[in-house]
>>> print(open('start04.pdb').read())   # PDB, C-alpha atoms
ATOM      1  CA  MET A  16      24.632  40.294 -23.841  1.00  0.00           C
ATOM      2  CA  SER A  17      27.532  41.970 -25.630  1.00  0.00           C
ATOM      3  CA  ASP A  18      26.418  44.086 -28.583  1.00  0.00           C
ATOM      4  CA  ILE A  19      29.508  45.769 -29.958  1.00  0.00           C
ATOM      5  CA  LEU A  20      29.640  48.101 -32.963  1.00  0.00           C
ATOM      6  CA  LYS A  21      32.696  47.341 -35.097  1.00  0.00           C
ATOM      7  CA  ILE A  22      33.953  49.959 -37.530  1.00  0.00           C
ATOM      8  CA  GLY A  23      37.027  48.699 -39.313  1.00  0.00           C
ATOM      9  CA  GLU A  24      39.312  47.406 -36.578  1.00  0.00           C
ATOM     10  CA  ARG A  25      37.714  49.582 -33.882  1.00  0.00           C
ATOM     11  CA  SER A  26      35.023  48.497 -31.419  1.00  0.00           C
ATOM     12  CA  PHE A  27      32.464  50.641 -29.600  1.00  0.00           C
ATOM     13  CA  SER A  28      29.783  49.987 -27.006  1.00  0.00           C
ATOM     14  CA  SER A  29      27.642  52.990 -27.948  1.00  0.00           C
ATOM     15  CA  ARG A  30      25.852  53.174 -31.299  1.00  0.00           C
ATOM     16  CA  LEU A  31      25.159  56.888 -30.936  1.00  0.00           C
ATOM     17  CA  MET A  32      27.654  59.404 -32.336  1.00  0.00           C
ATOM     18  CA  LEU A  33      27.403  63.115 -31.647  1.00  0.00           C
ATOM     19  CA  GLY A  34      28.559  66.232 -33.445  1.00  0.00           C
ATOM     20  CA  THR A  35      30.039  69.294 -31.781  1.00  0.00           C
ATOM     21  CA  GLY A  36      28.527  72.200 -33.720  1.00  0.00           C
ATOM     22  CA  LYS A  37      25.775  74.701 -32.820  1.00  0.00           C
ATOM     23  CA  TYR A  38      26.101  74.482 -29.016  1.00  0.00           C
ATOM     24  CA  LYS A  39      26.323  77.729 -27.039  1.00  0.00           C
ATOM     25  CA  ASP A  40      29.856  76.892 -25.907  1.00  0.00           C
ATOM     26  CA  PHE A  41      32.310  74.002 -25.538  1.00  0.00           C
ATOM     27  CA  GLN A  42      31.163  73.254 -21.993  1.00  0.00           C
ATOM     28  CA  GLU A  43      27.610  72.580 -23.183  1.00  0.00           C
ATOM     29  CA  THR A  44      29.088  70.445 -25.961  1.00  0.00           C
ATOM     30  CA  LYS A  45      30.931  68.334 -23.404  1.00  0.00           C
ATOM     31  CA  ASP A  46      27.905  68.041 -21.115  1.00  0.00           C
ATOM     32  CA  ALA A  47      25.671  66.865 -23.976  1.00  0.00           C
ATOM     33  CA  ILE A  48      28.211  64.324 -25.175  1.00  0.00           C
ATOM     34  CA  SER A  49      28.599  62.986 -21.639  1.00  0.00           C
ATOM     35  CA  ALA A  50      24.818  62.651 -21.252  1.00  0.00           C
ATOM     36  CA  SER A  51      24.504  60.864 -24.604  1.00  0.00           C
ATOM     37  CA  GLY A  52      26.969  58.113 -23.773  1.00  0.00           C
ATOM     38  CA  ALA A  53      28.532  58.598 -27.220  1.00  0.00           C
ATOM     39  CA  GLU A  54      32.080  57.353 -27.675  1.00  0.00           C
ATOM     40  CA  ILE A  55      32.632  58.866 -31.130  1.00  0.00           C
ATOM     41  CA  VAL A  56      32.585  62.659 -31.407  1.00  0.00           C
ATOM     42  CA  THR A  57      32.653  64.235 -34.856  1.00  0.00           C
ATOM     43  CA  VAL A  58      34.383  67.573 -35.421  1.00  0.00           C
ATOM     44  CA  ALA A  59      34.236  69.883 -38.439  1.00  0.00           C
ATOM     45  CA  ILE A  60      37.931  70.586 -39.061  1.00  0.00           C
ATOM     46  CA  ARG A  61      37.231  73.704 -41.143  1.00  0.00           C
ATOM     47  CA  ARG A  62      34.962  75.219 -38.483  1.00  0.00           C
ATOM     48  CA  THR A  63      36.329  74.110 -35.112  1.00  0.00           C
ATOM     49  CA  ASN A  64      39.549  75.069 -33.372  1.00  0.00           C
ATOM     50  CA  LEU A  65      41.638  72.024 -32.508  1.00  0.00           C
ATOM     51  CA  GLY A  66      44.761  74.066 -31.940  1.00  0.00           C
ATOM     52  CA  GLN A  67      45.023  75.844 -35.284  1.00  0.00           C
ATOM     53  CA  ASN A  68      44.244  79.161 -33.540  1.00  0.00           C
ATOM     54  CA  SER A  69      46.196  79.573 -30.308  1.00  0.00           C
ATOM     55  CA  ASN A  70      44.185  82.616 -29.192  1.00  0.00           C
ATOM     56  CA  GLU A  71      40.797  80.835 -29.302  1.00  0.00           C
ATOM     57  CA  PRO A  72      39.242  78.143 -27.075  1.00  0.00           C
ATOM     58  CA  ASN A  73      40.364  74.675 -28.116  1.00  0.00           C
ATOM     59  CA  LEU A  74      37.721  71.951 -28.271  1.00  0.00           C
ATOM     60  CA  LEU A  75      40.314  69.376 -27.194  1.00  0.00           C
ATOM     61  CA  ASP A  76      40.577  71.153 -23.824  1.00  0.00           C
ATOM     62  CA  PHE A  77      36.989  69.987 -23.212  1.00  0.00           C
ATOM     63  CA  ILE A  78      36.746  66.775 -25.259  1.00  0.00           C
ATOM     64  CA  ASP A  79      39.644  64.565 -24.183  1.00  0.00           C
ATOM     65  CA  PRO A  80      40.893  62.416 -27.103  1.00  0.00           C
ATOM     66  CA  GLU A  81      41.949  59.818 -24.551  1.00  0.00           C
ATOM     67  CA  LYS A  82      38.307  59.423 -23.461  1.00  0.00           C
ATOM     68  CA  TRP A  83      36.454  59.979 -26.725  1.00  0.00           C
ATOM     69  CA  THR A  84      37.302  58.968 -30.283  1.00  0.00           C
ATOM     70  CA  ILE A  85      37.583  62.161 -32.307  1.00  0.00           C
ATOM     71  CA  LEU A  86      36.135  61.759 -35.805  1.00  0.00           C
ATOM     72  CA  PRO A  87      37.205  64.756 -37.933  1.00  0.00           C
ATOM     73  CA  ASN A  88      34.837  65.538 -40.775  1.00  0.00           C
ATOM     74  CA  THR A  89      35.063  67.530 -43.970  1.00  0.00           C
ATOM     75  CA  ALA A  90      31.876  69.586 -43.477  1.00  0.00           C
ATOM     76  CA  GLY A  91      31.894  72.655 -45.708  1.00  0.00           C
ATOM     77  CA  CYS A  92      33.809  71.002 -48.551  1.00  0.00           C
ATOM     78  CA  PHE A  93      32.289  71.126 -52.030  1.00  0.00           C
ATOM     79  CA  THR A  94      35.041  69.425 -54.032  1.00  0.00           C
ATOM     80  CA  ALA A  95      37.001  66.216 -53.681  1.00  0.00           C
ATOM     81  CA  ASP A  96      40.278  68.144 -53.556  1.00  0.00           C
ATOM     82  CA  ASP A  97      39.109  70.313 -50.642  1.00  0.00           C
ATOM     83  CA  ALA A  98      37.916  67.237 -48.738  1.00  0.00           C
ATOM     84  CA  ILE A  99      41.190  65.400 -49.310  1.00  0.00           C
ATOM     85  CA  ARG A 100      43.240  68.391 -48.101  1.00  0.00           C
ATOM     86  CA  THR A 101      41.010  68.730 -45.028  1.00  0.00           C
ATOM     87  CA  CYS A 102      41.554  65.076 -44.111  1.00  0.00           C
ATOM     88  CA  GLN A 103      45.292  65.498 -44.555  1.00  0.00           C
ATOM     89  CA  LEU A 104      45.171  68.524 -42.227  1.00  0.00           C
ATOM     90  CA  SER A 105      43.219  66.553 -39.634  1.00  0.00           C
ATOM     91  CA  ARG A 106      45.861  63.831 -39.717  1.00  0.00           C
ATOM     92  CA  GLU A 107      48.505  66.440 -38.883  1.00  0.00           C
ATOM     93  CA  LEU A 108      46.433  68.012 -36.089  1.00  0.00           C
ATOM     94  CA  LEU A 109      45.530  64.665 -34.504  1.00  0.00           C
ATOM     95  CA  ASP A 110      48.954  63.025 -34.403  1.00  0.00           C
ATOM     96  CA  GLY A 111      48.587  60.901 -37.497  1.00  0.00           C
ATOM     97  CA  LYS A 112      45.120  59.500 -36.814  1.00  0.00           C
ATOM     98  CA  THR A 113      43.432  58.338 -40.014  1.00  0.00           C
ATOM     99  CA  PHE A 114      39.823  57.897 -38.785  1.00  0.00           C
ATOM    100  CA  VAL A 115      37.774  60.445 -40.806  1.00  0.00           C
ATOM    101  CA  LYS A 116      34.247  61.228 -41.909  1.00  0.00           C
ATOM    102  CA  LEU A 117      34.135  62.224 -45.566  1.00  0.00           C
ATOM    103  CA  GLU A 118      31.504  64.753 -46.583  1.00  0.00           C
ATOM    104  CA  VAL A 119      31.464  66.477 -49.992  1.00  0.00           C
ATOM    105  CA  LEU A 120      28.416  68.660 -50.490  1.00  0.00           C
ATOM    106  CA  GLY A 121      26.804  69.493 -53.792  1.00  0.00           C
ATOM    107  CA  ASP A 122      24.483  72.363 -52.896  1.00  0.00           C
ATOM    108  CA  GLU A 123      24.633  75.094 -50.249  1.00  0.00           C
ATOM    109  CA  GLU A 124      20.849  75.154 -49.808  1.00  0.00           C
ATOM    110  CA  ASN A 125      19.834  71.498 -49.441  1.00  0.00           C
ATOM    111  CA  LEU A 126      23.269  70.173 -48.370  1.00  0.00           C
ATOM    112  CA  PHE A 127      22.847  66.967 -50.348  1.00  0.00           C
ATOM    113  CA  PRO A 128      26.101  65.173 -51.127  1.00  0.00           C
ATOM    114  CA  ASN A 129      27.863  65.456 -54.464  1.00  0.00           C
ATOM    115  CA  MET A 130      28.264  61.754 -55.068  1.00  0.00           C
ATOM    116  CA  SER A 131      30.719  61.899 -57.975  1.00  0.00           C
ATOM    117  CA  GLU A 132      33.101  64.064 -55.906  1.00  0.00           C
ATOM    118  CA  THR A 133      32.468  61.929 -52.810  1.00  0.00           C
ATOM    119  CA  ILE A 134      33.442  58.731 -54.629  1.00  0.00           C
ATOM    120  CA  LYS A 135      36.526  60.413 -56.117  1.00  0.00           C
ATOM    121  CA  ALA A 136      37.670  61.650 -52.686  1.00  0.00           C
ATOM    122  CA  ALA A 137      36.943  58.313 -51.010  1.00  0.00           C
ATOM    123  CA  GLN A 138      39.130  56.416 -53.471  1.00  0.00           C
ATOM    124  CA  VAL A 139      42.086  58.785 -52.960  1.00  0.00           C
ATOM    125  CA  LEU A 140      41.775  58.780 -49.153  1.00  0.00           C
ATOM    126  CA  ILE A 141      41.497  54.986 -48.953  1.00  0.00           C
ATOM    127  CA  ASP A 142      44.610  54.670 -51.121  1.00  0.00           C
ATOM    128  CA  GLU A 143      46.382  57.009 -48.660  1.00  0.00           C
ATOM    129  CA  GLY A 144      45.479  54.758 -45.740  1.00  0.00           C
ATOM    130  CA  PHE A 145      42.558  56.692 -44.267  1.00  0.00           C
ATOM    131  CA  GLU A 146      39.702  54.855 -42.571  1.00  0.00           C
ATOM    132  CA  VAL A 147      36.775  56.523 -44.311  1.00  0.00           C
ATOM    133  CA  LEU A 148      33.262  56.793 -42.908  1.00  0.00           C
ATOM    134  CA  VAL A 149      31.342  58.338 -45.774  1.00  0.00           C
ATOM    135  CA  TYR A 150      28.300  60.638 -45.784  1.00  0.00           C
ATOM    136  CA  CYS A 151      26.263  59.809 -48.872  1.00  0.00           C
ATOM    137  CA  SER A 152      22.882  59.838 -50.537  1.00  0.00           C
ATOM    138  CA  ASP A 153      20.337  57.112 -49.853  1.00  0.00           C
ATOM    139  CA  ASP A 154      20.883  55.597 -53.309  1.00  0.00           C
ATOM    140  CA  PRO A 155      21.639  51.883 -52.780  1.00  0.00           C
ATOM    141  CA  ILE A 156      23.835  51.784 -55.903  1.00  0.00           C
ATOM    142  CA  PHE A 157      26.133  54.573 -54.714  1.00  0.00           C
ATOM    143  CA  CYS A 158      26.258  53.034 -51.248  1.00  0.00           C
ATOM    144  CA  LYS A 159      27.299  49.687 -52.690  1.00  0.00           C
ATOM    145  CA  GLU A 160      30.037  51.363 -54.743  1.00  0.00           C
ATOM    146  CA  LEU A 161      31.440  53.081 -51.631  1.00  0.00           C
ATOM    147  CA  ASP A 162      31.222  49.815 -49.693  1.00  0.00           C
ATOM    148  CA  ASP A 163      33.114  47.938 -52.400  1.00  0.00           C
ATOM    149  CA  ALA A 164      35.711  50.731 -52.609  1.00  0.00           C
ATOM    150  CA  GLY A 165      36.732  50.078 -49.007  1.00  0.00           C
ATOM    151  CA  CYS A 166      34.946  52.653 -46.872  1.00  0.00           C
ATOM    152  CA  VAL A 167      34.695  51.382 -43.288  1.00  0.00           C
ATOM    153  CA  ALA A 168      31.149  52.691 -42.761  1.00  0.00           C
ATOM    154  CA  ILE A 169      28.347  53.854 -45.044  1.00  0.00           C
ATOM    155  CA  MET A 170      26.443  56.913 -43.770  1.00  0.00           C
ATOM    156  CA  PRO A 171      23.319  57.654 -45.829  1.00  0.00           C
ATOM    157  CA  LEU A 172      21.161  60.639 -44.968  1.00  0.00           C
ATOM    158  CA  ALA A 173      17.707  59.980 -43.551  1.00  0.00           C
ATOM    159  CA  SER A 174      16.601  63.466 -44.646  1.00  0.00           C
ATOM    160  CA  PRO A 175      18.494  66.723 -45.314  1.00  0.00           C
ATOM    161  CA  ILE A 176      21.165  67.860 -42.834  1.00  0.00           C
ATOM    162  CA  GLY A 177      19.687  69.887 -39.993  1.00  0.00           C
ATOM    163  CA  SER A 178      16.102  69.484 -41.248  1.00  0.00           C
ATOM    164  CA  GLY A 179      14.760  67.389 -38.366  1.00  0.00           C
ATOM    165  CA  LEU A 180      12.378  65.707 -40.799  1.00  0.00           C
ATOM    166  CA  GLY A 181      13.228  62.250 -39.487  1.00  0.00           C
ATOM    167  CA  ILE A 182      13.343  58.999 -41.463  1.00  0.00           C
ATOM    168  CA  ILE A 183      11.679  59.856 -44.767  1.00  0.00           C
ATOM    169  CA  ASN A 184      13.284  57.020 -46.759  1.00  0.00           C
ATOM    170  CA  PRO A 185      12.830  53.771 -44.784  1.00  0.00           C
ATOM    171  CA  TYR A 186      12.643  51.591 -47.901  1.00  0.00           C
ATOM    172  CA  ASN A 187      15.918  52.879 -49.312  1.00  0.00           C
ATOM    173  CA  LEU A 188      17.610  52.504 -45.945  1.00  0.00           C
ATOM    174  CA  SER A 189      16.350  48.928 -45.687  1.00  0.00           C
ATOM    175  CA  MET A 190      17.818  48.081 -49.104  1.00  0.00           C
ATOM    176  CA  ILE A 191      21.149  49.669 -48.169  1.00  0.00           C
ATOM    177  CA  ILE A 192      21.269  47.735 -44.895  1.00  0.00           C
ATOM    178  CA  GLU A 193      20.443  44.469 -46.663  1.00  0.00           C
ATOM    179  CA  ASP A 194      23.203  44.910 -49.269  1.00  0.00           C
ATOM    180  CA  SER A 195      25.963  46.418 -47.130  1.00  0.00           C
ATOM    181  CA  GLN A 196      28.967  44.499 -45.840  1.00  0.00           C
ATOM    182  CA  LYS A 197      29.935  47.472 -43.627  1.00  0.00           C
ATOM    183  CA  PRO A 198      28.115  49.236 -40.789  1.00  0.00           C
ATOM    184  CA  VAL A 199      25.293  51.492 -41.985  1.00  0.00           C
ATOM    185  CA  ILE A 200      25.049  54.624 -39.867  1.00  0.00           C
ATOM    186  CA  VAL A 201      22.253  57.117 -40.408  1.00  0.00           C
ATOM    187  CA  ASP A 202      23.750  60.567 -40.800  1.00  0.00           C
ATOM    188  CA  ALA A 203      21.499  63.645 -40.972  1.00  0.00           C
ATOM    189  CA  GLY A 204      17.807  64.334 -40.538  1.00  0.00           C
ATOM    190  CA  VAL A 205      17.015  62.951 -37.077  1.00  0.00           C
ATOM    191  CA  GLY A 206      14.852  65.415 -35.144  1.00  0.00           C
ATOM    192  CA  THR A 207      13.765  63.656 -31.992  1.00  0.00           C
ATOM    193  CA  ALA A 208      14.076  60.427 -30.046  1.00  0.00           C
ATOM    194  CA  SER A 209      11.399  58.532 -31.978  1.00  0.00           C
ATOM    195  CA  ASP A 210      13.328  59.131 -35.213  1.00  0.00           C
ATOM    196  CA  ALA A 211      16.390  57.533 -33.658  1.00  0.00           C
ATOM    197  CA  SER A 212      14.371  54.520 -32.548  1.00  0.00           C
ATOM    198  CA  ILE A 213      12.875  54.059 -36.020  1.00  0.00           C
ATOM    199  CA  ALA A 214      16.321  54.097 -37.639  1.00  0.00           C
ATOM    200  CA  MET A 215      17.618  51.509 -35.209  1.00  0.00           C
ATOM    201  CA  GLU A 216      14.497  49.340 -35.561  1.00  0.00           C
ATOM    202  CA  LEU A 217      15.144  49.246 -39.325  1.00  0.00           C
ATOM    203  CA  GLY A 218      18.494  47.623 -38.586  1.00  0.00           C
ATOM    204  CA  CYS A 219      20.879  50.561 -38.866  1.00  0.00           C
ATOM    205  CA  ASP A 220      24.117  49.920 -36.996  1.00  0.00           C
ATOM    206  CA  GLY A 221      24.280  53.397 -35.529  1.00  0.00           C
ATOM    207  CA  ILE A 222      23.245  57.039 -35.777  1.00  0.00           C
ATOM    208  CA  LEU A 223      25.225  60.255 -36.021  1.00  0.00           C
ATOM    209  CA  MET A 224      23.410  63.437 -35.056  1.00  0.00           C
ATOM    210  CA  ASN A 225      24.129  67.024 -34.110  1.00  0.00           C
ATOM    211  CA  THR A 226      21.343  69.551 -34.655  1.00  0.00           C
ATOM    212  CA  ALA A 227      18.647  67.422 -32.992  1.00  0.00           C
ATOM    213  CA  VAL A 228      20.563  67.660 -29.723  1.00  0.00           C
ATOM    214  CA  ALA A 229      22.345  71.006 -30.030  1.00  0.00           C
ATOM    215  CA  MET A 230      19.217  72.941 -31.042  1.00  0.00           C
ATOM    216  CA  ALA A 231      16.849  71.312 -28.546  1.00  0.00           C
ATOM    217  CA  GLN A 232      15.510  73.601 -25.828  1.00  0.00           C
ATOM    218  CA  ASP A 233      17.409  71.441 -23.345  1.00  0.00           C
ATOM    219  CA  PRO A 234      20.343  69.849 -25.203  1.00  0.00           C
ATOM    220  CA  ILE A 235      21.535  67.841 -22.206  1.00  0.00           C
ATOM    221  CA  LEU A 236      18.132  66.266 -21.632  1.00  0.00           C
ATOM    222  CA  MET A 237      17.710  65.583 -25.351  1.00  0.00           C
ATOM    223  CA  ALA A 238      21.120  63.894 -25.437  1.00  0.00           C
ATOM    224  CA  SER A 239      19.958  61.604 -22.646  1.00  0.00           C
ATOM    225  CA  ALA A 240      16.717  60.876 -24.517  1.00  0.00           C
ATOM    226  CA  MET A 241      18.648  59.993 -27.678  1.00  0.00           C
ATOM    227  CA  LYS A 242      20.847  57.577 -25.736  1.00  0.00           C
ATOM    228  CA  LYS A 243      17.756  55.706 -24.536  1.00  0.00           C
ATOM    229  CA  ALA A 244      16.089  55.826 -27.968  1.00  0.00           C
ATOM    230  CA  VAL A 245      19.076  54.253 -29.703  1.00  0.00           C
ATOM    231  CA  LEU A 246      19.252  51.520 -27.081  1.00  0.00           C
ATOM    232  CA  SER A 247      15.527  50.729 -27.239  1.00  0.00           C
ATOM    233  CA  GLY A 248      15.466  50.761 -31.046  1.00  0.00           C
ATOM    234  CA  ARG A 249      18.438  48.414 -31.176  1.00  0.00           C
ATOM    235  CA  GLU A 250      16.830  46.028 -28.673  1.00  0.00           C
ATOM    236  CA  ALA A 251      13.580  46.037 -30.662  1.00  0.00           C
ATOM    237  CA  PHE A 252      15.495  45.187 -33.845  1.00  0.00           C
ATOM    238  CA  LEU A 253      17.349  42.341 -32.142  1.00  0.00           C
ATOM    239  CA  ALA A 254      14.124  41.068 -30.576  1.00  0.00           C
ATOM    240  CA  GLY A 255      12.363  40.898 -33.955  1.00  0.00           C
ATOM    241  CA  ARG A 256       9.030  42.628 -34.292  1.00  0.00           C
ATOM    242  CA  MET A 257       5.778  40.762 -34.809  1.00  0.00           C
ATOM    243  CA  PRO A 258       4.571  40.502 -38.424  1.00  0.00           C
ATOM    244  CA  LYS A 259       2.165  43.163 -39.652  1.00  0.00           C
ATOM    245  CA  LYS A 260      -1.325  41.953 -40.537  1.00  0.00           C
ATOM    246  CA  SER A 261      -4.224  43.467 -42.416  1.00  0.00           C
ATOM    247  CA  TYR A 262      -6.751  42.403 -39.773  1.00  0.00           C
ATOM    248  CA  GLY A 263      -6.861  42.165 -36.008  1.00  0.00           C
ATOM    249  CA  SER A 264      -6.290  38.954 -34.088  1.00  0.00           C
ATOM    250  CA  ALA A 265      -7.253  38.160 -30.509  1.00  0.00           C
ATOM    251  CA  SER A 266      -4.497  38.148 -27.927  1.00  0.00           C
ATOM    252  CA  SER A 267      -6.095  35.357 -25.918  1.00  0.00           C
ATOM    253  CA  PRO A 268      -6.548  31.815 -27.334  1.00  0.00           C
ATOM    254  CA  LYS A 269      -9.904  30.653 -28.665  1.00  0.00           C
ATOM    255  CA  LYS A 270      -9.475  27.060 -27.478  1.00  0.00           C
ATOM    256  CA  GLY A 271     -10.591  25.974 -24.038  1.00  0.00           C
ATOM    257  CA  LEU A 272     -13.198  28.716 -23.637  1.00  0.00           C
ATOM    258  CA  ILE A 273     -15.759  28.280 -20.817  1.00  0.00           C
ATOM    259  CA  GLU A 274     -19.155  27.689 -22.408  1.00  0.00           C
TER     260      GLU A 274
END
>>> encode(input="start04.pdb", output="structure tokens")
Amino acid sequence: MSDILKIGERSFSSRLMLGTGKYKDFQETKDAISASGAEIVTVAIRRTNLGQNSNEPNLLDFIDPEKWTILPNTAGCFTADDAIRTCQLSRELLDGKTFVKLEVLGDEENLFPNMSETIKAAQVLIDEGFEVLVYCSDDPIFCKELDDAGCVAIMPLASPIGSGLGIINPYNLSMIIEDSQKPVIVDAGVGTASDASIAMELGCDGILMNTAVAMAQDPILMASAMKKAVLSGREAFLAGRMPKKSYGSASSPKKGLIE
């Protein structure tokens, strides 16, 4: 059965996306991404060398843009103007590619998004022809506004960036999924494979993670585990879980019992 993730006009077989930060080196980054089966690789333009610094290792020497879709992100931006300029820089570095992840933070401690600046930046970038995947709060109203504005994917946090707390807001995520016309991709908070499965079982279209893999004791093995967790969670969602009941019920039928 074909189960393709469509983001804008692009199609992907994998529903797992991986970041490139916090690994010990670019080789480990590549090995983890390969083990995860991810097709989309997100890169913090302000923190990663993609050729800006000729005397430093270049991530693109390890992550081939012909094999993986590079998704530049605006991590580290705290204003709409900074995020817009960062996306414009990424377009120059990546030969005019307009596929970007917008992230405008509001606080250096909790890393929650500044939603007023996020919405402002999203509107400008969409008008400039960017395909915007947007990191946002788990507020269904904000998510709907970004959806209606033309973002190609809505990326609510499941819990704070890098926290590993897992899915602490399943009811909000369910409302966002129900109302969204675009793919809903959990971004931030996943800590282990079971978290990934839960997000997919809720009906999320995909998951983007970084710290859960990069900071695992064995990042390559964790990347493999996440690949399987996303697949199993997606299959469980498509299969349709049994209804929850307040009381137990026998698995075997009561009719036709031998007296």
>>> resolve_selection(input="start04.pdb", expression="the PyMOL selection byres ((chain A and resi 171) around 6)", output="PyMOL selection string")
chain A and resi 150-153+170+172+201-202
>>> residues_around(input="start04.pdb", residues="stretch 58-71 of chain A", least_positions_apart="4", cutoff="8 Å", atoms="only C-alpha atoms", output="list in words")
Gly34, Thr35, Gly36, Leu75, Ile85, Leu86, Pro87, Asn88, Thr89, Ala90, Gly91, Thr101, Ser105 and Leu108 of chain A
>>> resolve_selection(input="start04.pdb", expression="the PyMOL selection byres ((chain A and resi 149) around 8)", output="ChimeraX atom specification")
/A:116-118,133,137,147-148,150-151,161,166,168-170
>>> resolve_selection(input="start04.pdb", expression="the PyMOL selection byres ((chain A and resi 132) around 9)", output="count of residues only")
16
>>> atom_distance(input="start04.pdb", atom1="atom CA of A:Ser239", atom2="atom CA of A:Val199")
22.5 Å
>>> atom_distance(input="start04.pdb", atom1="atom CA of A:Ile176", atom2="atom CA of A:Met224")
9.2 Å
>>> atom_distance(input="start04.pdb", atom1="atom CA of A:Asp233", atom2="atom CA of A:Gly181")
19.0 Å
>>> closest_residue(input="start04.pdb", among="A:Met215, A:Ile48, A:Leu74, A:Ala229", to="A:Glu250", atoms="all atoms listed in the file")
A:Met215
>>> axis_aligned_box(input="start04.pdb", around="stretch 190-196 of chain A", padding_each_side="3 Å", output="AutoDock Vina command-line options")
--center_x 23.4 --center_y 47.1 --center_z -47.1 --size_x 17.1 --size_y 11.2 --size_z 10.4
>>> residues_around(input="start04.pdb", residues="A:Val167", least_positions_apart="6", cutoff="8 Å", atoms="all atoms listed in the file", output="PyMOL selection string")
chain A and resi 22-23+146-148+197-198
>>> closest_residue(input="start04.pdb", among="A:Gly248, A:Gly144, A:Gly165, A:Pro80", to="A:Ser195", atoms="only C-alpha atoms")
A:Gly165
>>> residues_around(input="start04.pdb", residues="A:Ala244", least_positions_apart="3", cutoff="10 Å", atoms="only C-alpha atoms", output="NGL selection string")
:A and (31 or 207-215 or 238-241 or 247-250)
>>> closest_residue(input="start04.pdb", among="A:Asp79, A:Asp122, A:Asp97, A:Asp220", to="A:Leu140", atoms="only C-alpha atoms")
A:Asp97
>>> build_atoms(input="start04.pdb", residues="stretch 185-197 of chain A", atoms="N, CA and C atoms", output="mmCIF file, in the frame of the given file")
data_model
loop_
_atom_site.group_PDB
_atom_site.id
_atom_site.type_symbol
_atom_site.label_atom_id
_atom_site.label_comp_id
_atom_site.auth_asym_id
_atom_site.auth_seq_id
_atom_site.Cartn_x
_atom_site.Cartn_y
_atom_site.Cartn_z
ATOM 1 N N PRO A 185 12.566 55.068 -45.427
ATOM 2 C CA PRO A 185 12.830 53.771 -44.784
ATOM 3 C C PRO A 185 13.069 52.636 -45.771
ATOM 4 N N TYR A 186 12.466 52.687 -46.942
ATOM 5 C CA TYR A 186 12.643 51.591 -47.901
ATOM 6 C C TYR A 186 14.047 51.604 -48.490
ATOM 7 N N ASN A 187 14.539 52.793 -48.826
ATOM 8 C CA ASN A 187 15.918 52.879 -49.312
ATOM 9 C C ASN A 187 16.901 52.430 -48.246
ATOM 10 N N LEU A 188 16.704 52.892 -47.024
ATOM 11 C CA LEU A 188 17.610 52.504 -45.945
ATOM 12 C C LEU A 188 17.606 50.989 -45.760
ATOM 13 N N SER A 189 16.434 50.383 -45.848
ATOM 14 C CA SER A 189 16.350 48.928 -45.687
ATOM 15 C C SER A 189 17.132 48.205 -46.772
ATOM 16 N N MET A 190 17.061 48.700 -48.010
ATOM 17 C CA MET A 190 17.818 48.081 -49.104
ATOM 18 C C MET A 190 19.315 48.239 -48.882
ATOM 19 N N ILE A 191 19.725 49.421 -48.421
ATOM 20 C CA ILE A 191 21.149 49.669 -48.169
ATOM 21 C C ILE A 191 21.657 48.740 -47.074
ATOM 22 N N ILE A 192 20.891 48.614 -46.008
ATOM 23 C CA ILE A 192 21.269 47.735 -44.895
ATOM 24 C C ILE A 192 21.401 46.286 -45.371
ATOM 25 N N GLU A 193 20.447 45.854 -46.181
ATOM 26 C CA GLU A 193 20.443 44.469 -46.663
ATOM 27 C C GLU A 193 21.667 44.163 -47.513
ATOM 28 N N ASP A 194 22.110 45.148 -48.319
ATOM 29 C CA ASP A 194 23.203 44.910 -49.269
ATOM 30 C C ASP A 194 24.587 45.193 -48.699
ATOM 31 N N SER A 195 24.667 45.936 -47.587
ATOM 32 C CA SER A 195 25.963 46.418 -47.130
ATOM 33 C C SER A 195 26.748 45.367 -46.348
ATOM 34 N N GLN A 196 28.052 45.342 -46.608
ATOM 35 C CA GLN A 196 28.967 44.499 -45.840
ATOM 36 C C GLN A 196 29.599 45.280 -44.684
ATOM 37 N N LYS A 197 29.367 46.588 -44.641
ATOM 38 C CA LYS A 197 29.935 47.472 -43.627
ATOM 39 C C LYS A 197 28.810 48.046 -42.769
#
